[in-house]
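Working notes, beginning with the structure itself.
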Amino acid sequence: ATSPPPGYAPLLKDWENFYTRRLYHRIRDCWERPVCSAPGGRITVVERDSPDGNKTMLMTKRTRECLNLGSYNYLGFADDWQTSCKSHVMPTLDNFNSCLCSARMDLGTSREHVRLEELVARYVGKEAALVYNMGFGTNSTTIPALVGRGSLIISDTMNHSSIVAGSRASGALVRTFVHNDAASLERVLRDAIARGMPRTHRPWRKILVMVEGIYSMEGEICNLKGIVEVVKRYGVYLYVDEAHSIGALGETGRGICEYAGVDPADVDILMGTFTKSFGGMGGYIAGDKALIQYLRRASAGSVYHNSLSTLVCSQVYRALRVIMGEDGTDTGRRKIAALRNNSNHMRRELIKMGCHVYGDYDSPIIPVMLYNPTKIAAFSREAFMRGLAVVVVGFPATPIVLSRTRICVSAGHTRKEIERALEVIEELVDLLRLRYANNVMG
Ligand code: PMP
């Protein structure tokens with residue numbers, strides 16, 4: 001690589017230089033392991049001898065079938081895709097190929113998009129919805145369309161990177177409140193309203209509070225009732241990211257509002273993704289008609305991004321019909337119940353084992369704390385050798401001494417698979433000394 005001219009910083013950021021060289025460079029095989037099957041309860045992973053990325057993948061033929069504790073296949077649609085979705089998607093493939101090669105605004109809207117939007121709106125209890133080709137882009141392009149200079153965003157400290165990106169891009173001032181703490185939100189709000197905008201002290205144009213239904217690194221469920229009380233008292237707007245909670249929480253999978261007993265009318269913007277419970281791709285914004293009509297013209301995701309693949313529209317539409325019981329069976333209900341049973345069983349057993357487990361019961365995200373970053377590689381490799389595919393997370397996604405493995409449970413896991421996974425984890429817990437005598441987390 002060329003060396004930078006005098007006075008210029010190197011192209012890579014400082015932390016990347018430091019950590020890539022000193023720590024992550026030697027353990028790159030723990031991430032981006034190539035897979036060669038659908039992300040069901042089991043997944044086939046390509047074995048790699050060296051952390052040398054794709055080159056090795058193309059050369060090696062050795063694969064390993066693993067129990068999959070890493071993918072977000074919450075309702076198990078990756079497991080029964082062939083029977084539940086395939087026959088509904090194939091006519092779309094014949095008709096449209098895979099993509100409309102156009103933005104929604106231009107020639108990128110099909111009947112598949114429109115009917116999916118109608119169904120999503122009905123499901124989440126809002127007047128209208130708009131679908132996007134990416135969950136990340138849903139947040140990062142919607143937020144700047146809603147607020148800008150002169151507005152204030154009050155964001156949970158643990159909000160996802162897509163919310164952070166959208167908030168920064170919007171030009172609004174961003175303040176944070178203590179994670180999931182309605183009292184802290186109220187303090188920040190009261191203070192911000194009393195002071196007004198910096199320097200001029202004029203009133204804010206808009207104030208938008210941003211939270212998530214289930215926090216993706218913490219596995220914690222939002223205290224939505226408490227948050228809504230504060231938001232209503234101060235008359236500000238509320239945006240809830242339901243990426244992990246839609247389909248996964250509530251008796252009928254309608255997400256955090258159903259779970260917390262909150263009327264969807266009390267949330268101004270309901271955002272969600274299709275990448276978790278629905279086994280698809282893309283995201284949505286649901287709200288009242290005027291808001292959605294406005295976003296169709298104002299958000300970059302609608303105006304400038306290629307539209308969501310028609311194939312994915314059909315697949316997600318079908319998955320949602322199954323979840324809603326509109327396929328004439330109780331498969332949806334059974335999936336939702338199986339997810340909850342599997343998640344709670346896994347969490348209970350890990351706590352009994354003495355692990356430090358973050359998050360709440362009913363959440364399919366179960367972070368098990370490794371703490372020390374040197375345990376990241378050990379956990380990932382030893383698990384893989386025993387036929388368990390896991391996700392390990394460290395800095396910068398978490399503070400460096402709060403490294404963890406993030407287990408995702410699925411309705412597609414059989415009880416036998418969960419038991420086998422627990423056996424393997426117990427071996428790893430002993431090997432890596434992850435048992436804590438005073439299990440304060442339990
Ligand atoms: N919001 C949250 C809370 C997420 O966890 C994620 C990704 N896991 C996204 C948005 C982005 O969604 P996608 O991966 O579908 O782009």
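In the structure tokens, each chain is lettered A, B, ... as it comes, each chain's residues begin at 1, and ligands are numbered from 1 in order of appearance.
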
What residues have any atom no more than 10 Å from ligand 1 when counting only C-alpha atoms and all ligand atoms, and can you list them as a PDB file with N, CA and C atoms, in the first residue's frame?
```
ATOM      1  N   TYR A  72     -30.563 -15.441  12.770  1.00  0.00           N
ATOM      2  CA  TYR A  72     -31.783 -14.864  13.348  1.00  0.00           C
ATOM      3  C   TYR A  72     -33.044 -15.528  12.788  1.00  0.00           C
ATOM      4  N   TYR A 132     -38.909  -1.354   2.562  1.00  0.00           N
ATOM      5  CA  TYR A 132     -37.587  -0.952   2.071  1.00  0.00           C
ATOM      6  C   TYR A 132     -36.782  -2.209   1.747  1.00  0.00           C
ATOM      7  N   ASN A 133     -35.690  -2.022   0.990  1.00  0.00           N
ATOM      8  CA  ASN A 133     -34.919  -3.211   0.589  1.00  0.00           C
ATOM      9  C   ASN A 133     -33.927  -3.664   1.652  1.00  0.00           C
ATOM     10  N   MET A 134     -33.819  -2.914   2.734  1.00  0.00           N
ATOM     11  CA  MET A 134     -32.820  -3.250   3.741  1.00  0.00           C
ATOM     12  C   MET A 134     -33.275  -2.694   5.088  1.00  0.00           C
ATOM     13  N   GLY A 135     -33.100  -3.492   6.151  1.00  0.00           N
ATOM     14  CA  GLY A 135     -33.462  -3.010   7.478  1.00  0.00           C
ATOM     15  C   GLY A 135     -32.590  -1.835   7.901  1.00  0.00           C
ATOM     16  N   PHE A 136     -31.295  -1.988   7.661  1.00  0.00           N
ATOM     17  CA  PHE A 136     -30.372  -0.910   8.035  1.00  0.00           C
ATOM     18  C   PHE A 136     -30.771   0.392   7.330  1.00  0.00           C
ATOM     19  N   GLY A 137     -31.009   0.275   6.037  1.00  0.00           N
ATOM     20  CA  GLY A 137     -31.379   1.460   5.259  1.00  0.00           C
ATOM     21  C   GLY A 137     -32.733   2.032   5.653  1.00  0.00           C
ATOM     22  N   THR A 138     -33.603   1.194   6.200  1.00  0.00           N
ATOM     23  CA  THR A 138     -34.899   1.693   6.656  1.00  0.00           C
ATOM     24  C   THR A 138     -34.677   2.746   7.733  1.00  0.00           C
ATOM     25  N   ASN A 139     -33.836   2.415   8.717  1.00  0.00           N
ATOM     26  CA  ASN A 139     -33.541   3.402   9.765  1.00  0.00           C
ATOM     27  C   ASN A 139     -32.703   4.552   9.230  1.00  0.00           C
ATOM     28  N   SER A 140     -31.637   4.208   8.509  1.00  0.00           N
ATOM     29  CA  SER A 140     -30.678   5.269   8.170  1.00  0.00           C
ATOM     30  C   SER A 140     -31.239   6.251   7.144  1.00  0.00           C
ATOM     31  N   MET A 158     -28.176   1.971  23.937  1.00  0.00           N
ATOM     32  CA  MET A 158     -27.871   0.696  23.282  1.00  0.00           C
ATOM     33  C   MET A 158     -28.511   0.578  21.900  1.00  0.00           C
ATOM     34  N   ASN A 159     -29.020   1.656  21.357  1.00  0.00           N
ATOM     35  CA  ASN A 159     -29.665   1.566  20.043  1.00  0.00           C
ATOM     36  C   ASN A 159     -28.695   1.102  18.953  1.00  0.00           C
ATOM     37  N   HIS A 160     -29.271   0.444  17.959  1.00  0.00           N
ATOM     38  CA  HIS A 160     -28.499  -0.169  16.874  1.00  0.00           C
ATOM     39  C   HIS A 160     -27.752   0.857  16.027  1.00  0.00           C
ATOM     40  N   SER A 161     -26.698   0.385  15.414  1.00  0.00           N
ATOM     41  CA  SER A 161     -25.843   1.245  14.587  1.00  0.00           C
ATOM     42  C   SER A 161     -26.620   1.933  13.447  1.00  0.00           C
ATOM     43  N   SER A 162     -27.673   1.297  12.940  1.00  0.00           N
ATOM     44  CA  SER A 162     -28.457   1.929  11.856  1.00  0.00           C
ATOM     45  C   SER A 162     -29.221   3.148  12.376  1.00  0.00           C
ATOM     46  N   ILE A 163     -29.612   3.108  13.645  1.00  0.00           N
ATOM     47  CA  ILE A 163     -30.292   4.263  14.251  1.00  0.00           C
ATOM     48  C   ILE A 163     -29.263   5.372  14.477  1.00  0.00           C
ATOM     49  N   VAL A 211     -36.302   4.037  20.551  1.00  0.00           N
ATOM     50  CA  VAL A 211     -36.002   2.833  21.345  1.00  0.00           C
ATOM     51  C   VAL A 211     -36.148   1.590  20.457  1.00  0.00           C
ATOM     52  N   GLU A 212     -35.751   0.440  20.990  1.00  0.00           N
ATOM     53  CA  GLU A 212     -35.918  -0.835  20.273  1.00  0.00           C
ATOM     54  C   GLU A 212     -36.829  -1.767  21.074  1.00  0.00           C
ATOM     55  N   GLY A 213     -37.484  -2.696  20.389  1.00  0.00           N
ATOM     56  CA  GLY A 213     -38.375  -3.654  21.056  1.00  0.00           C
ATOM     57  C   GLY A 213     -37.590  -4.661  21.879  1.00  0.00           C
ATOM     58  N   ILE A 214     -36.556  -5.272  21.225  1.00  0.00           N
ATOM     59  CA  ILE A 214     -35.589  -6.118  21.941  1.00  0.00           C
ATOM     60  C   ILE A 214     -34.213  -5.609  21.521  1.00  0.00           C
ATOM     61  N   TYR A 215     -33.329  -5.417  22.478  1.00  0.00           N
ATOM     62  CA  TYR A 215     -32.005  -4.873  22.156  1.00  0.00           C
ATOM     63  C   TYR A 215     -31.085  -5.985  21.671  1.00  0.00           C
ATOM     64  N   SER A 216     -30.467  -5.745  20.509  1.00  0.00           N
ATOM     65  CA  SER A 216     -29.829  -6.830  19.769  1.00  0.00           C
ATOM     66  C   SER A 216     -28.566  -7.383  20.417  1.00  0.00           C
ATOM     67  N   MET A 217     -27.861  -6.595  21.199  1.00  0.00           N
ATOM     68  CA  MET A 217     -26.645  -7.112  21.834  1.00  0.00           C
ATOM     69  C   MET A 217     -26.903  -7.498  23.288  1.00  0.00           C
ATOM     70  N   VAL A 240     -40.140   3.264  17.386  1.00  0.00           N
ATOM     71  CA  VAL A 240     -39.712   1.978  17.965  1.00  0.00           C
ATOM     72  C   VAL A 240     -39.204   1.050  16.861  1.00  0.00           C
ATOM     73  N   ASP A 241     -37.959   0.583  17.019  1.00  0.00           N
ATOM     74  CA  ASP A 241     -37.358  -0.372  16.085  1.00  0.00           C
ATOM     75  C   ASP A 241     -37.698  -1.775  16.579  1.00  0.00           C
ATOM     76  N   GLU A 242     -38.465  -2.485  15.771  1.00  0.00           N
ATOM     77  CA  GLU A 242     -38.954  -3.821  16.159  1.00  0.00           C
ATOM     78  C   GLU A 242     -38.219  -4.924  15.406  1.00  0.00           C
ATOM     79  N   ALA A 243     -36.972  -4.646  14.980  1.00  0.00           N
ATOM     80  CA  ALA A 243     -36.222  -5.646  14.197  1.00  0.00           C
ATOM     81  C   ALA A 243     -36.287  -7.022  14.849  1.00  0.00           C
ATOM     82  N   HIS A 244     -36.049  -7.079  16.161  1.00  0.00           N
ATOM     83  CA  HIS A 244     -35.980  -8.380  16.835  1.00  0.00           C
ATOM     84  C   HIS A 244     -37.275  -8.775  17.534  1.00  0.00           C
ATOM     85  N   SER A 245     -38.187  -7.838  17.699  1.00  0.00           N
ATOM     86  CA  SER A 245     -39.379  -8.168  18.486  1.00  0.00           C
ATOM     87  C   SER A 245     -40.577  -8.530  17.616  1.00  0.00           C
ATOM     88  N   MET A 271     -41.037   0.627  13.288  1.00  0.00           N
ATOM     89  CA  MET A 271     -40.111   0.153  12.255  1.00  0.00           C
ATOM     90  C   MET A 271     -39.814  -1.322  12.515  1.00  0.00           C
ATOM     91  N   GLY A 272     -39.601  -2.093  11.466  1.00  0.00           N
ATOM     92  CA  GLY A 272     -39.228  -3.499  11.669  1.00  0.00           C
ATOM     93  C   GLY A 272     -38.415  -4.007  10.503  1.00  0.00           C
ATOM     94  N   THR A 273     -37.859  -5.221  10.664  1.00  0.00           N
ATOM     95  CA  THR A 273     -37.123  -5.813   9.548  1.00  0.00           C
ATOM     96  C   THR A 273     -37.713  -7.187   9.233  1.00  0.00           C
ATOM     97  N   PHE A 274     -37.450  -7.645   8.015  1.00  0.00           N
ATOM     98  CA  PHE A 274     -37.927  -8.976   7.606  1.00  0.00           C
ATOM     99  C   PHE A 274     -36.827 -10.031   7.746  1.00  0.00           C
ATOM    100  N   THR A 275     -35.665  -9.615   8.283  1.00  0.00           N
ATOM    101  CA  THR A 275     -34.492 -10.504   8.289  1.00  0.00           C
ATOM    102  C   THR A 275     -34.467 -11.460   9.478  1.00  0.00           C
ATOM    103  N   LYS A 276     -35.388 -11.296  10.406  1.00  0.00           N
ATOM    104  CA  LYS A 276     -35.317 -12.153  11.594  1.00  0.00           C
ATOM    105  C   LYS A 276     -36.483 -13.157  11.590  1.00  0.00           C
ATOM    106  N   GLY A 280     -36.604 -13.443   5.710  1.00  0.00           N
ATOM    107  CA  GLY A 280     -36.423 -12.779   4.412  1.00  0.00           C
ATOM    108  C   GLY A 280     -35.377 -11.687   4.464  1.00  0.00           C
ATOM    109  N   MET A 281     -35.675 -10.586   3.808  1.00  0.00           N
ATOM    110  CA  MET A 281     -34.773  -9.424   3.818  1.00  0.00           C
ATOM    111  C   MET A 281     -35.613  -8.168   3.780  1.00  0.00           C
ATOM    112  N   GLY A 282     -34.984  -7.036   4.111  1.00  0.00           N
ATOM    113  CA  GLY A 282     -35.674  -5.758   3.979  1.00  0.00           C
ATOM    114  C   GLY A 282     -36.289  -5.287   5.279  1.00  0.00           C
ATOM    115  N   GLY A 283     -36.948  -4.141   5.204  1.00  0.00           N
ATOM    116  CA  GLY A 283     -37.540  -3.564   6.409  1.00  0.00           C
ATOM    117  C   GLY A 283     -38.803  -2.800   6.077  1.00  0.00           C
ATOM    118  N   TYR A 284     -39.467  -2.305   7.120  1.00  0.00           N
ATOM    119  CA  TYR A 284     -40.685  -1.528   6.894  1.00  0.00           C
ATOM    120  C   TYR A 284     -40.791  -0.400   7.903  1.00  0.00           C
TER     121      TYR A 284
END
```

Quick one: everything within 9 Å of region 220-237 of chain A, counting only C-alpha atoms, minus sequence neighbours fewer than 6 positions away in the same chain. Send it as an mmCIF file with C-alpha atoms, in the first residue's frame.
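Final output, saved to result.cif:
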```
data_model
loop_
_atom_site.group_PDB
_atom_site.id
_atom_site.type_symbol
_atom_site.label_atom_id
_atom_site.label_comp_id
_atom_site.auth_asym_id
_atom_site.auth_seq_id
_atom_site.Cartn_x
_atom_site.Cartn_y
_atom_site.Cartn_z
ATOM 1 C CA ASN A 180 -34.149 1.150 29.007
ATOM 2 C CA ASP A 181 -34.620 3.617 31.885
ATOM 3 C CA ALA A 182 -37.812 5.686 31.619
ATOM 4 C CA ALA A 183 -36.770 7.888 34.575
ATOM 5 C CA LEU A 185 -35.473 9.528 29.613
ATOM 6 C CA GLU A 186 -37.692 11.874 31.581
ATOM 7 C CA LEU A 189 -36.378 15.337 28.166
ATOM 8 C CA ARG A 190 -37.222 17.757 30.953
ATOM 9 C CA LYS A 206 -39.518 18.350 17.009
ATOM 10 C CA ILE A 207 -38.362 15.883 19.622
ATOM 11 C CA LEU A 208 -38.114 12.219 18.632
ATOM 12 C CA VAL A 209 -37.535 9.451 21.189
ATOM 13 C CA MET A 210 -35.944 6.287 19.764
ATOM 14 C CA VAL A 211 -36.002 2.833 21.345
ATOM 15 C CA GLU A 212 -35.918 -0.835 20.273
ATOM 16 C CA GLY A 213 -38.375 -3.654 21.056
ATOM 17 C CA ILE A 214 -35.589 -6.118 21.941
ATOM 18 C CA SER A 245 -39.379 -8.168 18.486
ATOM 19 C CA ILE A 256 -43.492 -5.224 21.679
ATOM 20 C CA CYS A 257 -46.842 -3.368 21.717
ATOM 21 C CA ALA A 260 -46.201 -4.741 26.781
ATOM 22 C CA GLY A 261 -49.940 -4.076 26.477
ATOM 23 C CA VAL A 262 -49.394 -0.770 24.650
ATOM 24 C CA ASP A 266 -49.299 5.407 21.134
ATOM 25 C CA VAL A 267 -46.228 4.763 18.981
ATOM 26 C CA ASP A 268 -45.870 7.217 16.092
ATOM 27 C CA ILE A 269 -43.469 5.154 14.004
ATOM 28 C CA TYR A 358 -27.816 -10.936 29.785
ATOM 29 C CA GLY A 359 -31.364 -10.034 28.848
ATOM 30 C CA ASP A 360 -34.883 -11.146 29.705
ATOM 31 C CA TYR A 361 -36.984 -14.281 29.577
ATOM 32 C CA ASP A 362 -39.095 -14.462 26.363
ATOM 33 C CA SER A 363 -36.246 -12.904 24.357
ATOM 34 C CA ILE A 365 -31.443 -13.339 21.965
ATOM 35 C CA ILE A 366 -29.364 -14.837 24.767
#
```

Region 23-168 of chain A: residues DSSP assigns to helix (DSSP H, G or I), reported as a CSV table (one decimal) with C-alpha atoms, in the first residue's frame:
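The new file out.csv reads:
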```csv
chain,number,residue,atom,x,y,z
A,24,TYR,CA,-8.4,-9.5,15.5
A,25,HIS,CA,-5.9,-10.3,12.8
A,26,ARG,CA,-5.0,-13.7,14.3
A,27,ILE,CA,-8.6,-14.7,15.0
A,28,ARG,CA,-10.3,-13.7,11.7
A,29,ASP,CA,-11.5,-17.2,11.2
A,30,CYS,CA,-14.1,-16.6,14.0
A,53,GLY,CA,-10.9,-15.6,3.7
A,54,ASN,CA,-12.5,-16.5,0.4
A,55,LYS,CA,-9.4,-17.9,-1.2
A,56,THR,CA,-9.4,-20.9,1.2
A,57,MET,CA,-13.2,-21.2,0.8
A,58,LEU,CA,-12.9,-21.8,-2.9
A,59,MET,CA,-10.1,-24.3,-2.5
A,81,TRP,CA,-39.0,-22.8,3.5
A,82,GLN,CA,-39.5,-25.6,1.0
A,83,THR,CA,-43.0,-26.5,2.3
A,84,SER,CA,-44.2,-23.2,3.7
A,86,LYS,CA,-41.4,-22.1,-2.0
A,87,SER,CA,-44.5,-22.8,-4.0
A,88,HIS,CA,-45.7,-19.2,-3.4
A,89,VAL,CA,-42.4,-17.7,-4.5
A,90,MET,CA,-41.8,-19.6,-7.7
A,91,PRO,CA,-44.5,-17.9,-9.7
A,92,THR,CA,-43.0,-14.5,-8.7
A,93,LEU,CA,-39.6,-15.7,-10.0
A,94,ASP,CA,-41.2,-16.7,-13.3
A,95,ASN,CA,-43.0,-13.4,-13.6
A,96,PHE,CA,-40.4,-10.9,-12.4
A,111,ARG,CA,-48.4,-5.6,-6.8
A,112,GLU,CA,-46.2,-7.8,-4.5
A,113,HIS,CA,-44.9,-4.6,-2.8
A,114,VAL,CA,-48.4,-3.1,-2.4
A,115,ARG,CA,-50.0,-6.2,-1.0
A,116,LEU,CA,-47.1,-6.8,1.4
A,117,GLU,CA,-47.5,-3.2,2.7
A,118,GLU,CA,-51.2,-3.6,3.2
A,119,LEU,CA,-50.6,-6.8,5.2
A,120,VAL,CA,-47.8,-5.4,7.3
A,121,ALA,CA,-49.9,-2.4,8.2
A,122,ARG,CA,-52.9,-4.6,9.2
A,123,TYR,CA,-50.6,-6.9,11.2
A,124,VAL,CA,-48.9,-4.2,13.3
A,135,GLY,CA,-33.5,-3.0,7.5
A,136,PHE,CA,-30.4,-0.9,8.0
A,137,GLY,CA,-31.4,1.5,5.3
A,138,THR,CA,-34.9,1.7,6.7
A,139,ASN,CA,-33.5,3.4,9.8
A,140,SER,CA,-30.7,5.3,8.2
A,141,THR,CA,-32.9,6.8,5.4
A,142,THR,CA,-36.1,7.4,7.3
A,143,ILE,CA,-34.7,9.2,10.3
A,144,PRO,CA,-33.2,12.0,8.2
A,145,ALA,CA,-36.6,12.4,6.5
A,146,LEU,CA,-38.3,13.0,9.8
A,161,SER,CA,-25.8,1.2,14.6
A,162,SER,CA,-28.5,1.9,11.9
A,163,ILE,CA,-30.3,4.3,14.3
A,164,VAL,CA,-27.0,6.0,15.1
A,165,ALA,CA,-26.2,6.3,11.4
A,166,GLY,CA,-29.6,7.8,10.6
A,167,SER,CA,-29.5,10.1,13.6
A,168,ARG,CA,-26.1,11.5,12.6
```

**OP:** Return the single residue from A:Arg199, A:His356, A:Arg321, A:Arg340 that is closest to Tyr436 (chain A), with distances computed using only C-alpha atoms.
**Re:** A:His356

**OP:** Counting only C-alpha atoms, figure out which residue out of A:Leu311, A:Leu402, A:Met346, A:Ala378 gets nearest to Ile418 (chain A).
**Re:**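 Counting only C-alpha atoms, the residue closest to Ile418 (chain A) is A:Met346.
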
Subject >> Exercise: Cys99 (chain A) partners within 8 Å, only C-alpha atoms, chain neighbours under 6 positions left out, as number ranges by chain >> reply: A: 307-311

**OP:** Run DSSP on the backbone and grab whatever in region 19-249 of chain A lands in strand (DSSP E); send it over as a ChimeraX atom specification.
**Re:** /A:42-46,63-68,128-132,152-156,173-177,207-212,237-241

Interface rows for region 63-165 of chain A against region 170-176 of chain A: nearest pair, Å to one decimal, 7 Å, only C-alpha atoms, as CSV:
```
residue,atom,partner,partner_atom,distance
A:Ile143,CA,A:Ser170,CA,6.4
A:Pro144,CA,A:Ser170,CA,3.9
A:Val147,CA,A:Ser170,CA,6.2
A:Gly148,CA,A:Ala172,CA,4.5
A:Arg149,CA,A:Ala172,CA,4.7
A:Gly150,CA,A:Ala172,CA,6.2
A:Ser151,CA,A:Ala172,CA,5.0
A:Leu152,CA,A:Leu173,CA,4.9
A:Ile153,CA,A:Val174,CA,4.8
A:Ile154,CA,A:Arg175,CA,4.9
A:Ser155,CA,A:Thr176,CA,4.7
A:Asp156,CA,A:Thr176,CA,5.6
A:Thr157,CA,A:Thr176,CA,5.6
```

Original post:
Of the candidates A:Cys313, A:Ala389, A:Ala397, A:Leu431, which shows the shortest atom-to-atom distance to Gly279 (chain A), using only C-alpha atoms?
Top reply: A:Cys313

Subject >> Within 8 Å of Ala337 (chain A) using only C-alpha atoms, minus same-chain residues under 4 positions, as a PyMOL selection string >> reply: chain A and resi 251+333+341+411

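Pairwise distance (CA of Cys101 (chain A), CA of Leu295 (chain A)) equals 20.5 Å.
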
Subject >> Two-atom distance - CA of Thr398 (chain A), CA of Asn73 (chain A) (Å) >> reply: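 If I compute the distance from CA of Thr398 (chain A) to CA of Asn73 (chain A), I get 22.6 Å.
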
Subject >> Val322 (chain A) surroundings by only C-alpha atoms, 9 Å radius, close-in-sequence under 6 positions cut, as a VMD selection string >> reply: chain A and resid 84 328 to 333

Limited to N, CA and C atoms, could you put the picked residues into a file as a PDB file, in the first residue's frame?
```pdb
ATOM      1  N   SER A  84     -43.299 -24.284   3.299  1.00  0.00           N
ATOM      2  CA  SER A  84     -44.169 -23.153   3.664  1.00  0.00           C
ATOM      3  C   SER A  84     -44.157 -22.035   2.627  1.00  0.00           C
ATOM      4  N   GLY A 328     -54.841 -20.793   6.994  1.00  0.00           N
ATOM      5  CA  GLY A 328     -55.829 -21.801   7.401  1.00  0.00           C
ATOM      6  C   GLY A 328     -55.278 -22.854   8.344  1.00  0.00           C
ATOM      7  N   THR A 329     -54.066 -22.649   8.876  1.00  0.00           N
ATOM      8  CA  THR A 329     -53.510 -23.613   9.840  1.00  0.00           C
ATOM      9  C   THR A 329     -53.094 -22.873  11.113  1.00  0.00           C
ATOM     10  N   ASP A 330     -52.679 -23.657  12.114  1.00  0.00           N
ATOM     11  CA  ASP A 330     -52.183 -22.999  13.340  1.00  0.00           C
ATOM     12  C   ASP A 330     -50.654 -23.026  13.385  1.00  0.00           C
ATOM     13  N   THR A 331     -50.030 -23.182  12.209  1.00  0.00           N
ATOM     14  CA  THR A 331     -48.557 -23.243  12.153  1.00  0.00           C
ATOM     15  C   THR A 331     -47.925 -21.998  12.780  1.00  0.00           C
ATOM     16  N   GLY A 332     -48.473 -20.830  12.467  1.00  0.00           N
ATOM     17  CA  GLY A 332     -47.917 -19.583  12.983  1.00  0.00           C
ATOM     18  C   GLY A 332     -47.901 -19.579  14.505  1.00  0.00           C
ATOM     19  N   ARG A 333     -49.048 -19.882  15.081  1.00  0.00           N
ATOM     20  CA  ARG A 333     -49.160 -19.916  16.541  1.00  0.00           C
ATOM     21  C   ARG A 333     -48.158 -20.904  17.142  1.00  0.00           C
TER      22      ARG A 333
END
```

Subject >> Surrounding residues of Val401 (chain A) excluding itself and chain neighbours under 5 positions, 10 Å, only C-alpha atoms, as a VMD selection string >> reply: chain A and resid 369 to 374 394 to 395
